[in-house]
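Written out below as structure tokens is the structure these notes cover.
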Amino acid sequence: MDCIENKGKLIVISGPSGVGKSTLLHRLFREYPDNVCFSVSYTSRSPRIGENHGKDYYFTDNETFEHKIKNNDFLEWARVHGNYYGTGKSEVEEILHSGKHCILDIDVQGADSVRSSGIPAMFLFIAPENIETLRCRLEKRGTESEETIAKRLKNAVGELAQKDKYDHVIVNKDLDLAYKELQKYIFG
Ligand code: ADP
Ligand code: 5GP
């Protein structure tokens with residue numbers, strides 16, 4: 001990506017499935033619609049009930065996704081929990097040009113790619129108190145099958161092992177406290 005003259009920061013947020021990333025981010029976007037913007041990713045996974053194309057993700061099939069890989073359309077992409085996920089270059093460029101902070105909710109592989117691209121970014125990791133908390137939250141959310149929950153919990157162990165690569169780790173135990181920390185890191 002070309003050097004972009006702007007005031008907005010690129011902020012990369014990672015953390016295991018069910019830790020509360022979307023919950024924290026929705027609150028952030030509600031409170032600061034003029035200052036932060038979510039980079040809507042592309043994915044080959046199916047939409048969950050309540051998710052909207054163009055708002056939560058651009059939902060695509062494998063073929064379209066692979067075409068976009070070949071076309072070099074992604075800032076980063078990865079296979080996560082058996083599906084494709086990727087950040088569109090043009091989405092990020094548009095947000096940063098607008099002067100807003102651009103938020104990427106991406107997995108640890110995607111964060112590695114952004115890190116090695118040399119694009120200046122702040123890296124935040126959202127962690128649970130423990131794995132059992134993740135299981136409870138995923139079960140309570142009720143959006144995944146038992147099999148998918150098991151896969152996501154298994155992957156969480158490897159993801160948590162990478163948290164020290166990040167600039168800051170926020171433990172999402174108490175939602176209000178975690179949100180305050182997030183605000184502090186983003187707005188200083
Ligand atoms: P992620 O986007 O990281 O997969 P979600 O934001 O969907 O996770 O959160 C998973 C579930 O946990 C949701 O049902 C959400 O309401 C709940 N949750 C999020 N943060 C907390 C918290 N601090 N305490 C209790 N439940 C939480
Ligand atoms: P979910 O299916 O729960 O929405 O997301 C699963 C995982 O994919 C999460 O860890 C999320 O951060 C990650 N993810 C979402 N979008 C992207 C993306 O564009 N790139 C990468 N690398 N990971 C993503």
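Residues in the structure tokens are named by chain (A, B, ... in the order shown) and by number from 1 within that chain; ligands are numbered from 1 in the order shown.
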
Item checked: Cut-off 9 Å, only C-alpha atoms and all ligand atoms, neighbours of ligand 2 as a count of residues only -> 46

Next item on the list: Residues within 9 Å of ligand 1, counting only C-alpha atoms and all ligand atoms: report them as a VMD selection string.
Entry: chain A and resid 14 to 26 105 126 128 133 to 134 136 to 143 171 to 179

Test item, helix (DSSP H, G or I) assignment across range 31-165 of chain A, answer as a PDB file with N, CA, C and O atoms, in the first residue's frame:
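What landed in part04.pdb:
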ATOM      1  N   GLU A  31     -20.203   4.608  19.680  1.00  0.00           N
ATOM      2  CA  GLU A  31     -19.820   5.813  20.418  1.00  0.00           C
ATOM      3  C   GLU A  31     -19.001   6.795  19.575  1.00  0.00           C
ATOM      4  O   GLU A  31     -19.060   8.001  19.795  1.00  0.00           O
ATOM      5  N   ASN A  62     -15.800 -19.689  -2.398  1.00  0.00           N
ATOM      6  CA  ASN A  62     -14.356 -19.958  -2.484  1.00  0.00           C
ATOM      7  C   ASN A  62     -13.760 -19.432  -3.785  1.00  0.00           C
ATOM      8  O   ASN A  62     -12.667 -18.868  -3.793  1.00  0.00           O
ATOM      9  N   GLU A  63     -14.503 -19.642  -4.867  1.00  0.00           N
ATOM     10  CA  GLU A  63     -13.991 -19.263  -6.185  1.00  0.00           C
ATOM     11  C   GLU A  63     -13.751 -17.753  -6.276  1.00  0.00           C
ATOM     12  O   GLU A  63     -12.697 -17.309  -6.752  1.00  0.00           O
ATOM     13  N   THR A  64     -14.710 -16.985  -5.810  1.00  0.00           N
ATOM     14  CA  THR A  64     -14.570 -15.517  -5.850  1.00  0.00           C
ATOM     15  C   THR A  64     -13.401 -15.089  -4.975  1.00  0.00           C
ATOM     16  O   THR A  64     -12.614 -14.207  -5.347  1.00  0.00           O
ATOM     17  N   PHE A  65     -13.298 -15.730  -3.803  1.00  0.00           N
ATOM     18  CA  PHE A  65     -12.211 -15.371  -2.889  1.00  0.00           C
ATOM     19  C   PHE A  65     -10.858 -15.656  -3.546  1.00  0.00           C
ATOM     20  O   PHE A  65      -9.950 -14.821  -3.530  1.00  0.00           O
ATOM     21  N   GLU A  66     -10.743 -16.841  -4.149  1.00  0.00           N
ATOM     22  CA  GLU A  66      -9.462 -17.230  -4.769  1.00  0.00           C
ATOM     23  C   GLU A  66      -9.124 -16.312  -5.949  1.00  0.00           C
ATOM     24  O   GLU A  66      -7.956 -15.994  -6.185  1.00  0.00           O
ATOM     25  N   HIS A  67     -10.143 -15.861  -6.639  1.00  0.00           N
ATOM     26  CA  HIS A  67      -9.927 -14.905  -7.731  1.00  0.00           C
ATOM     27  C   HIS A  67      -9.354 -13.591  -7.164  1.00  0.00           C
ATOM     28  O   HIS A  67      -8.432 -12.995  -7.727  1.00  0.00           O
ATOM     29  N   LYS A  68      -9.875 -13.176  -6.030  1.00  0.00           N
ATOM     30  CA  LYS A  68      -9.394 -11.929  -5.417  1.00  0.00           C
ATOM     31  C   LYS A  68      -7.953 -12.094  -4.915  1.00  0.00           C
ATOM     32  O   LYS A  68      -7.169 -11.158  -4.940  1.00  0.00           O
ATOM     33  N   ILE A  69      -7.606 -13.306  -4.461  1.00  0.00           N
ATOM     34  CA  ILE A  69      -6.211 -13.554  -4.046  1.00  0.00           C
ATOM     35  C   ILE A  69      -5.297 -13.357  -5.256  1.00  0.00           C
ATOM     36  O   ILE A  69      -4.293 -12.631  -5.197  1.00  0.00           O
ATOM     37  N   LYS A  70      -5.689 -13.980  -6.365  1.00  0.00           N
ATOM     38  CA  LYS A  70      -4.858 -13.908  -7.590  1.00  0.00           C
ATOM     39  C   LYS A  70      -4.728 -12.475  -8.074  1.00  0.00           C
ATOM     40  O   LYS A  70      -3.701 -12.064  -8.604  1.00  0.00           O
ATOM     41  N   LYS A  89      -7.657  -4.369   0.257  1.00  0.00           N
ATOM     42  CA  LYS A  89      -6.765  -3.198   0.261  1.00  0.00           C
ATOM     43  C   LYS A  89      -7.566  -1.914   0.098  1.00  0.00           C
ATOM     44  O   LYS A  89      -7.328  -0.922   0.779  1.00  0.00           O
ATOM     45  N   SER A  90      -8.517  -1.938  -0.836  1.00  0.00           N
ATOM     46  CA  SER A  90      -9.224  -0.691  -1.157  1.00  0.00           C
ATOM     47  C   SER A  90     -10.073  -0.213   0.018  1.00  0.00           C
ATOM     48  O   SER A  90     -10.184   0.989   0.257  1.00  0.00           O
ATOM     49  N   GLU A  91     -10.625  -1.164   0.799  1.00  0.00           N
ATOM     50  CA  GLU A  91     -11.432  -0.777   1.966  1.00  0.00           C
ATOM     51  C   GLU A  91     -10.573  -0.006   2.967  1.00  0.00           C
ATOM     52  O   GLU A  91     -10.951   1.042   3.472  1.00  0.00           O
ATOM     53  N   VAL A  92      -9.372  -0.555   3.224  1.00  0.00           N
ATOM     54  CA  VAL A  92      -8.487   0.074   4.219  1.00  0.00           C
ATOM     55  C   VAL A  92      -8.023   1.444   3.720  1.00  0.00           C
ATOM     56  O   VAL A  92      -8.039   2.434   4.458  1.00  0.00           O
ATOM     57  N   GLU A  93      -7.649   1.498   2.450  1.00  0.00           N
ATOM     58  CA  GLU A  93      -7.172   2.777   1.895  1.00  0.00           C
ATOM     59  C   GLU A  93      -8.247   3.846   1.997  1.00  0.00           C
ATOM     60  O   GLU A  93      -7.971   4.976   2.399  1.00  0.00           O
ATOM     61  N   GLU A  94      -9.460   3.467   1.676  1.00  0.00           N
ATOM     62  CA  GLU A  94     -10.567   4.444   1.706  1.00  0.00           C
ATOM     63  C   GLU A  94     -10.770   4.996   3.118  1.00  0.00           C
ATOM     64  O   GLU A  94     -10.925   6.204   3.306  1.00  0.00           O
ATOM     65  N   ILE A  95     -10.738   4.104   4.109  1.00  0.00           N
ATOM     66  CA  ILE A  95     -10.967   4.548   5.494  1.00  0.00           C
ATOM     67  C   ILE A  95      -9.826   5.466   5.944  1.00  0.00           C
ATOM     68  O   ILE A  95     -10.059   6.546   6.490  1.00  0.00           O
ATOM     69  N   LEU A  96      -8.595   5.054   5.670  1.00  0.00           N
ATOM     70  CA  LEU A  96      -7.461   5.873   6.133  1.00  0.00           C
ATOM     71  C   LEU A  96      -7.452   7.234   5.429  1.00  0.00           C
ATOM     72  O   LEU A  96      -7.139   8.249   6.051  1.00  0.00           O
ATOM     73  N   HIS A  97      -7.821   7.266   4.169  1.00  0.00           N
ATOM     74  CA  HIS A  97      -7.884   8.549   3.444  1.00  0.00           C
ATOM     75  C   HIS A  97      -8.939   9.471   4.042  1.00  0.00           C
ATOM     76  O   HIS A  97      -8.823  10.684   3.951  1.00  0.00           O
ATOM     77  N   SER A  98      -9.977   8.868   4.656  1.00  0.00           N
ATOM     78  CA  SER A  98     -11.045   9.691   5.239  1.00  0.00           C
ATOM     79  C   SER A  98     -10.586  10.331   6.547  1.00  0.00           C
ATOM     80  O   SER A  98     -11.258  11.195   7.090  1.00  0.00           O
ATOM     81  N   VAL A 108      -4.556 -14.109  14.132  1.00  0.00           N
ATOM     82  CA  VAL A 108      -3.119 -13.937  14.409  1.00  0.00           C
ATOM     83  C   VAL A 108      -2.257 -14.072  13.141  1.00  0.00           C
ATOM     84  O   VAL A 108      -1.224 -13.401  13.022  1.00  0.00           O
ATOM     85  N   GLN A 109      -2.691 -14.896  12.189  1.00  0.00           N
ATOM     86  CA  GLN A 109      -1.923 -15.021  10.930  1.00  0.00           C
ATOM     87  C   GLN A 109      -2.003 -13.724  10.138  1.00  0.00           C
ATOM     88  O   GLN A 109      -1.011 -13.238   9.581  1.00  0.00           O
ATOM     89  N   GLY A 110      -3.215 -13.162  10.080  1.00  0.00           N
ATOM     90  CA  GLY A 110      -3.412 -11.896   9.377  1.00  0.00           C
ATOM     91  C   GLY A 110      -2.601 -10.784  10.020  1.00  0.00           C
ATOM     92  O   GLY A 110      -1.994  -9.954   9.327  1.00  0.00           O
ATOM     93  N   ALA A 111      -2.575 -10.779  11.358  1.00  0.00           N
ATOM     94  CA  ALA A 111      -1.795  -9.761  12.083  1.00  0.00           C
ATOM     95  C   ALA A 111      -0.307  -9.918  11.746  1.00  0.00           C
ATOM     96  O   ALA A 111       0.403  -8.921  11.531  1.00  0.00           O
ATOM     97  N   ASP A 112       0.163 -11.160  11.648  1.00  0.00           N
ATOM     98  CA  ASP A 112       1.565 -11.409  11.257  1.00  0.00           C
ATOM     99  C   ASP A 112       1.849 -10.801   9.881  1.00  0.00           C
ATOM    100  O   ASP A 112       2.896 -10.196   9.661  1.00  0.00           O
ATOM    101  N   SER A 113       0.909 -10.978   8.962  1.00  0.00           N
ATOM    102  CA  SER A 113       1.107 -10.453   7.596  1.00  0.00           C
ATOM    103  C   SER A 113       1.178  -8.932   7.613  1.00  0.00           C
ATOM    104  O   SER A 113       2.012  -8.344   6.927  1.00  0.00           O
ATOM    105  N   VAL A 114       0.291  -8.300   8.378  1.00  0.00           N
ATOM    106  CA  VAL A 114       0.309  -6.829   8.436  1.00  0.00           C
ATOM    107  C   VAL A 114       1.626  -6.365   9.056  1.00  0.00           C
ATOM    108  O   VAL A 114       2.274  -5.439   8.566  1.00  0.00           O
ATOM    109  N   ARG A 115       2.047  -7.068  10.118  1.00  0.00           N
ATOM    110  CA  ARG A 115       3.313  -6.732  10.794  1.00  0.00           C
ATOM    111  C   ARG A 115       4.472  -6.807   9.802  1.00  0.00           C
ATOM    112  O   ARG A 115       5.288  -5.910   9.709  1.00  0.00           O
ATOM    113  N   SER A 116       4.525  -7.881   9.039  1.00  0.00           N
ATOM    114  CA  SER A 116       5.680  -8.027   8.143  1.00  0.00           C
ATOM    115  C   SER A 116       5.569  -7.165   6.893  1.00  0.00           C
ATOM    116  O   SER A 116       6.557  -6.986   6.186  1.00  0.00           O
ATOM    117  N   SER A 117       4.376  -6.599   6.646  1.00  0.00           N
ATOM    118  CA  SER A 117       4.248  -5.695   5.487  1.00  0.00           C
ATOM    119  C   SER A 117       4.928  -4.356   5.755  1.00  0.00           C
ATOM    120  O   SER A 117       5.207  -3.608   4.832  1.00  0.00           O
ATOM    121  N   ILE A 131      -9.757 -20.437  29.106  1.00  0.00           N
ATOM    122  CA  ILE A 131     -10.429 -21.080  27.968  1.00  0.00           C
ATOM    123  C   ILE A 131     -11.890 -21.424  28.304  1.00  0.00           C
ATOM    124  O   ILE A 131     -12.771 -21.355  27.454  1.00  0.00           O
ATOM    125  N   GLU A 132     -12.121 -21.778  29.572  1.00  0.00           N
ATOM    126  CA  GLU A 132     -13.486 -22.147  29.971  1.00  0.00           C
ATOM    127  C   GLU A 132     -14.467 -20.999  29.736  1.00  0.00           C
ATOM    128  O   GLU A 132     -15.619 -21.202  29.336  1.00  0.00           O
ATOM    129  N   THR A 133     -13.979 -19.769  29.963  1.00  0.00           N
ATOM    130  CA  THR A 133     -14.823 -18.583  29.714  1.00  0.00           C
ATOM    131  C   THR A 133     -15.224 -18.523  28.242  1.00  0.00           C
ATOM    132  O   THR A 133     -16.352 -18.181  27.904  1.00  0.00           O
ATOM    133  N   LEU A 134     -14.273 -18.846  27.383  1.00  0.00           N
ATOM    134  CA  LEU A 134     -14.558 -18.821  25.940  1.00  0.00           C
ATOM    135  C   LEU A 134     -15.653 -19.814  25.603  1.00  0.00           C
ATOM    136  O   LEU A 134     -16.573 -19.507  24.854  1.00  0.00           O
ATOM    137  N   ARG A 135     -15.525 -21.030  26.166  1.00  0.00           N
ATOM    138  CA  ARG A 135     -16.526 -22.064  25.877  1.00  0.00           C
ATOM    139  C   ARG A 135     -17.915 -21.562  26.289  1.00  0.00           C
ATOM    140  O   ARG A 135     -18.869 -21.625  25.522  1.00  0.00           O
ATOM    141  N   CYS A 136     -17.999 -21.005  27.506  1.00  0.00           N
ATOM    142  CA  CYS A 136     -19.302 -20.515  28.005  1.00  0.00           C
ATOM    143  C   CYS A 136     -19.849 -19.441  27.082  1.00  0.00           C
ATOM    144  O   CYS A 136     -21.027 -19.448  26.741  1.00  0.00           O
ATOM    145  N   ARG A 137     -18.982 -18.511  26.659  1.00  0.00           N
ATOM    146  CA  ARG A 137     -19.470 -17.401  25.822  1.00  0.00           C
ATOM    147  C   ARG A 137     -19.918 -17.889  24.453  1.00  0.00           C
ATOM    148  O   ARG A 137     -20.933 -17.436  23.935  1.00  0.00           O
ATOM    149  N   LEU A 138     -19.162 -18.837  23.885  1.00  0.00           N
ATOM    150  CA  LEU A 138     -19.549 -19.356  22.566  1.00  0.00           C
ATOM    151  C   LEU A 138     -20.855 -20.138  22.669  1.00  0.00           C
ATOM    152  O   LEU A 138     -21.727 -20.027  21.809  1.00  0.00           O
ATOM    153  N   GLU A 139     -21.003 -20.906  23.760  1.00  0.00           N
ATOM    154  CA  GLU A 139     -22.247 -21.682  23.926  1.00  0.00           C
ATOM    155  C   GLU A 139     -23.417 -20.737  24.136  1.00  0.00           C
ATOM    156  O   GLU A 139     -24.483 -20.902  23.546  1.00  0.00           O
ATOM    157  N   LYS A 140     -23.189 -19.702  24.934  1.00  0.00           N
ATOM    158  CA  LYS A 140     -24.268 -18.740  25.226  1.00  0.00           C
ATOM    159  C   LYS A 140     -24.648 -17.948  23.969  1.00  0.00           C
ATOM    160  O   LYS A 140     -25.819 -17.647  23.742  1.00  0.00           O
ATOM    161  N   ARG A 141     -23.641 -17.608  23.156  1.00  0.00           N
ATOM    162  CA  ARG A 141     -23.929 -16.843  21.932  1.00  0.00           C
ATOM    163  C   ARG A 141     -24.839 -17.656  21.006  1.00  0.00           C
ATOM    164  O   ARG A 141     -25.682 -17.110  20.311  1.00  0.00           O
ATOM    165  N   GLU A 146     -21.726 -27.558  17.918  1.00  0.00           N
ATOM    166  CA  GLU A 146     -20.779 -28.100  18.907  1.00  0.00           C
ATOM    167  C   GLU A 146     -19.411 -28.355  18.282  1.00  0.00           C
ATOM    168  O   GLU A 146     -18.366 -28.099  18.870  1.00  0.00           O
ATOM    169  N   GLU A 147     -19.465 -28.849  17.035  1.00  0.00           N
ATOM    170  CA  GLU A 147     -18.226 -29.183  16.316  1.00  0.00           C
ATOM    171  C   GLU A 147     -17.400 -27.904  16.065  1.00  0.00           C
ATOM    172  O   GLU A 147     -16.186 -27.881  16.243  1.00  0.00           O
ATOM    173  N   THR A 148     -18.090 -26.845  15.645  1.00  0.00           N
ATOM    174  CA  THR A 148     -17.390 -25.581  15.373  1.00  0.00           C
ATOM    175  C   THR A 148     -16.834 -24.991  16.660  1.00  0.00           C
ATOM    176  O   THR A 148     -15.725 -24.452  16.681  1.00  0.00           O
ATOM    177  N   ILE A 149     -17.596 -25.104  17.741  1.00  0.00           N
ATOM    178  CA  ILE A 149     -17.097 -24.585  19.029  1.00  0.00           C
ATOM    179  C   ILE A 149     -15.811 -25.323  19.406  1.00  0.00           C
ATOM    180  O   ILE A 149     -14.818 -24.716  19.791  1.00  0.00           O
ATOM    181  N   ALA A 150     -15.819 -26.650  19.232  1.00  0.00           N
ATOM    182  CA  ALA A 150     -14.638 -27.449  19.586  1.00  0.00           C
ATOM    183  C   ALA A 150     -13.437 -27.006  18.751  1.00  0.00           C
ATOM    184  O   ALA A 150     -12.315 -26.847  19.273  1.00  0.00           O
ATOM    185  N   LYS A 151     -13.666 -26.776  17.452  1.00  0.00           N
ATOM    186  CA  LYS A 151     -12.578 -26.345  16.567  1.00  0.00           C
ATOM    187  C   LYS A 151     -12.031 -24.985  17.005  1.00  0.00           C
ATOM    188  O   LYS A 151     -10.833 -24.759  17.076  1.00  0.00           O
ATOM    189  N   ARG A 152     -12.940 -24.075  17.334  1.00  0.00           N
ATOM    190  CA  ARG A 152     -12.533 -22.719  17.722  1.00  0.00           C
ATOM    191  C   ARG A 152     -11.793 -22.712  19.066  1.00  0.00           C
ATOM    192  O   ARG A 152     -10.834 -21.972  19.241  1.00  0.00           O
ATOM    193  N   LEU A 153     -12.213 -23.595  19.988  1.00  0.00           N
ATOM    194  CA  LEU A 153     -11.519 -23.652  21.287  1.00  0.00           C
ATOM    195  C   LEU A 153     -10.125 -24.253  21.120  1.00  0.00           C
ATOM    196  O   LEU A 153      -9.164 -23.823  21.763  1.00  0.00           O
ATOM    197  N   LYS A 154     -10.020 -25.229  20.224  1.00  0.00           N
ATOM    198  CA  LYS A 154      -8.719 -25.843  19.971  1.00  0.00           C
ATOM    199  C   LYS A 154      -7.764 -24.791  19.381  1.00  0.00           C
ATOM    200  O   LYS A 154      -6.622 -24.655  19.812  1.00  0.00           O
ATOM    201  N   ASN A 155      -8.279 -24.012  18.423  1.00  0.00           N
ATOM    202  CA  ASN A 155      -7.447 -22.970  17.803  1.00  0.00           C
ATOM    203  C   ASN A 155      -7.084 -21.871  18.800  1.00  0.00           C
ATOM    204  O   ASN A 155      -6.047 -21.216  18.667  1.00  0.00           O
ATOM    205  N   ALA A 156      -7.949 -21.665  19.800  1.00  0.00           N
ATOM    206  CA  ALA A 156      -7.714 -20.573  20.764  1.00  0.00           C
ATOM    207  C   ALA A 156      -6.379 -20.755  21.490  1.00  0.00           C
ATOM    208  O   ALA A 156      -5.692 -19.777  21.794  1.00  0.00           O
ATOM    209  N   VAL A 157      -6.004 -21.998  21.742  1.00  0.00           N
ATOM    210  CA  VAL A 157      -4.761 -22.261  22.483  1.00  0.00           C
ATOM    211  C   VAL A 157      -3.563 -21.700  21.711  1.00  0.00           C
ATOM    212  O   VAL A 157      -2.720 -20.990  22.271  1.00  0.00           O
ATOM    213  N   GLY A 158      -3.522 -21.982  20.409  1.00  0.00           N
ATOM    214  CA  GLY A 158      -2.434 -21.481  19.566  1.00  0.00           C
ATOM    215  C   GLY A 158      -2.474 -19.967  19.433  1.00  0.00           C
ATOM    216  O   GLY A 158      -1.436 -19.299  19.395  1.00  0.00           O
ATOM    217  N   GLU A 159      -3.683 -19.416  19.372  1.00  0.00           N
ATOM    218  CA  GLU A 159      -3.821 -17.957  19.240  1.00  0.00           C
ATOM    219  C   GLU A 159      -3.324 -17.262  20.500  1.00  0.00           C
ATOM    220  O   GLU A 159      -2.567 -16.280  20.431  1.00  0.00           O
ATOM    221  N   LEU A 160      -3.707 -17.813  21.657  1.00  0.00           N
ATOM    222  CA  LEU A 160      -3.301 -17.186  22.926  1.00  0.00           C
ATOM    223  C   LEU A 160      -1.789 -17.222  23.108  1.00  0.00           C
ATOM    224  O   LEU A 160      -1.206 -16.314  23.708  1.00  0.00           O
ATOM    225  N   LYS A 163       0.007 -13.939  21.995  1.00  0.00           N
ATOM    226  CA  LYS A 163      -0.434 -12.623  22.449  1.00  0.00           C
ATOM    227  C   LYS A 163       0.721 -11.654  22.755  1.00  0.00           C
ATOM    228  O   LYS A 163       0.564 -10.441  22.632  1.00  0.00           O
ATOM    229  N   ASP A 164       1.893 -12.221  23.089  1.00  0.00           N
ATOM    230  CA  ASP A 164       3.022 -11.330  23.440  1.00  0.00           C
ATOM    231  C   ASP A 164       3.611 -10.600  22.233  1.00  0.00           C
ATOM    232  O   ASP A 164       4.429  -9.695  22.385  1.00  0.00           O
ATOM    233  N   LYS A 165       3.183 -10.985  21.036  1.00  0.00           N
ATOM    234  CA  LYS A 165       3.659 -10.266  19.842  1.00  0.00           C
ATOM    235  C   LYS A 165       2.953  -8.919  19.692  1.00  0.00           C
ATOM    236  O   LYS A 165       3.288  -8.128  18.825  1.00  0.00           O
TER     237      LYS A 165
END

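The space separating CA of Phe187 in chain A from CA of Asp73 in chain A comes to 29.6 Å.
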
Margin query: Considering only C-alpha atoms, can you say which of A:Ile49, A:Val12, A:Phe38, A:Lys7 comes closest to Tyr166 in chain A?
Written below: A:Val12

Item checked: All strand (DSSP E) residues (DSSP, backbone) inside chain A, as a PyMOL selection string -> chain A and resi 10-14+36-38+41-43+57-59+74-80+83-88+101-105+122-127+168-171

Note to self: Would you compute the distance between CA of Leu28 in chain A and CA of Glu144 in chain A? Give it in Å to one decimal.
What the structure shows: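 We find that CA of Leu28 in chain A and CA of Glu144 in chain A lie 24.7 Å from each other.
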
Notebook entry, point to check: Between A:Ser145, A:Gln162, A:Thr60, A:Gln183, which one has atoms that come closest to Ala127 in chain A, using only C-alpha atoms?
Noted result: A:Gln162
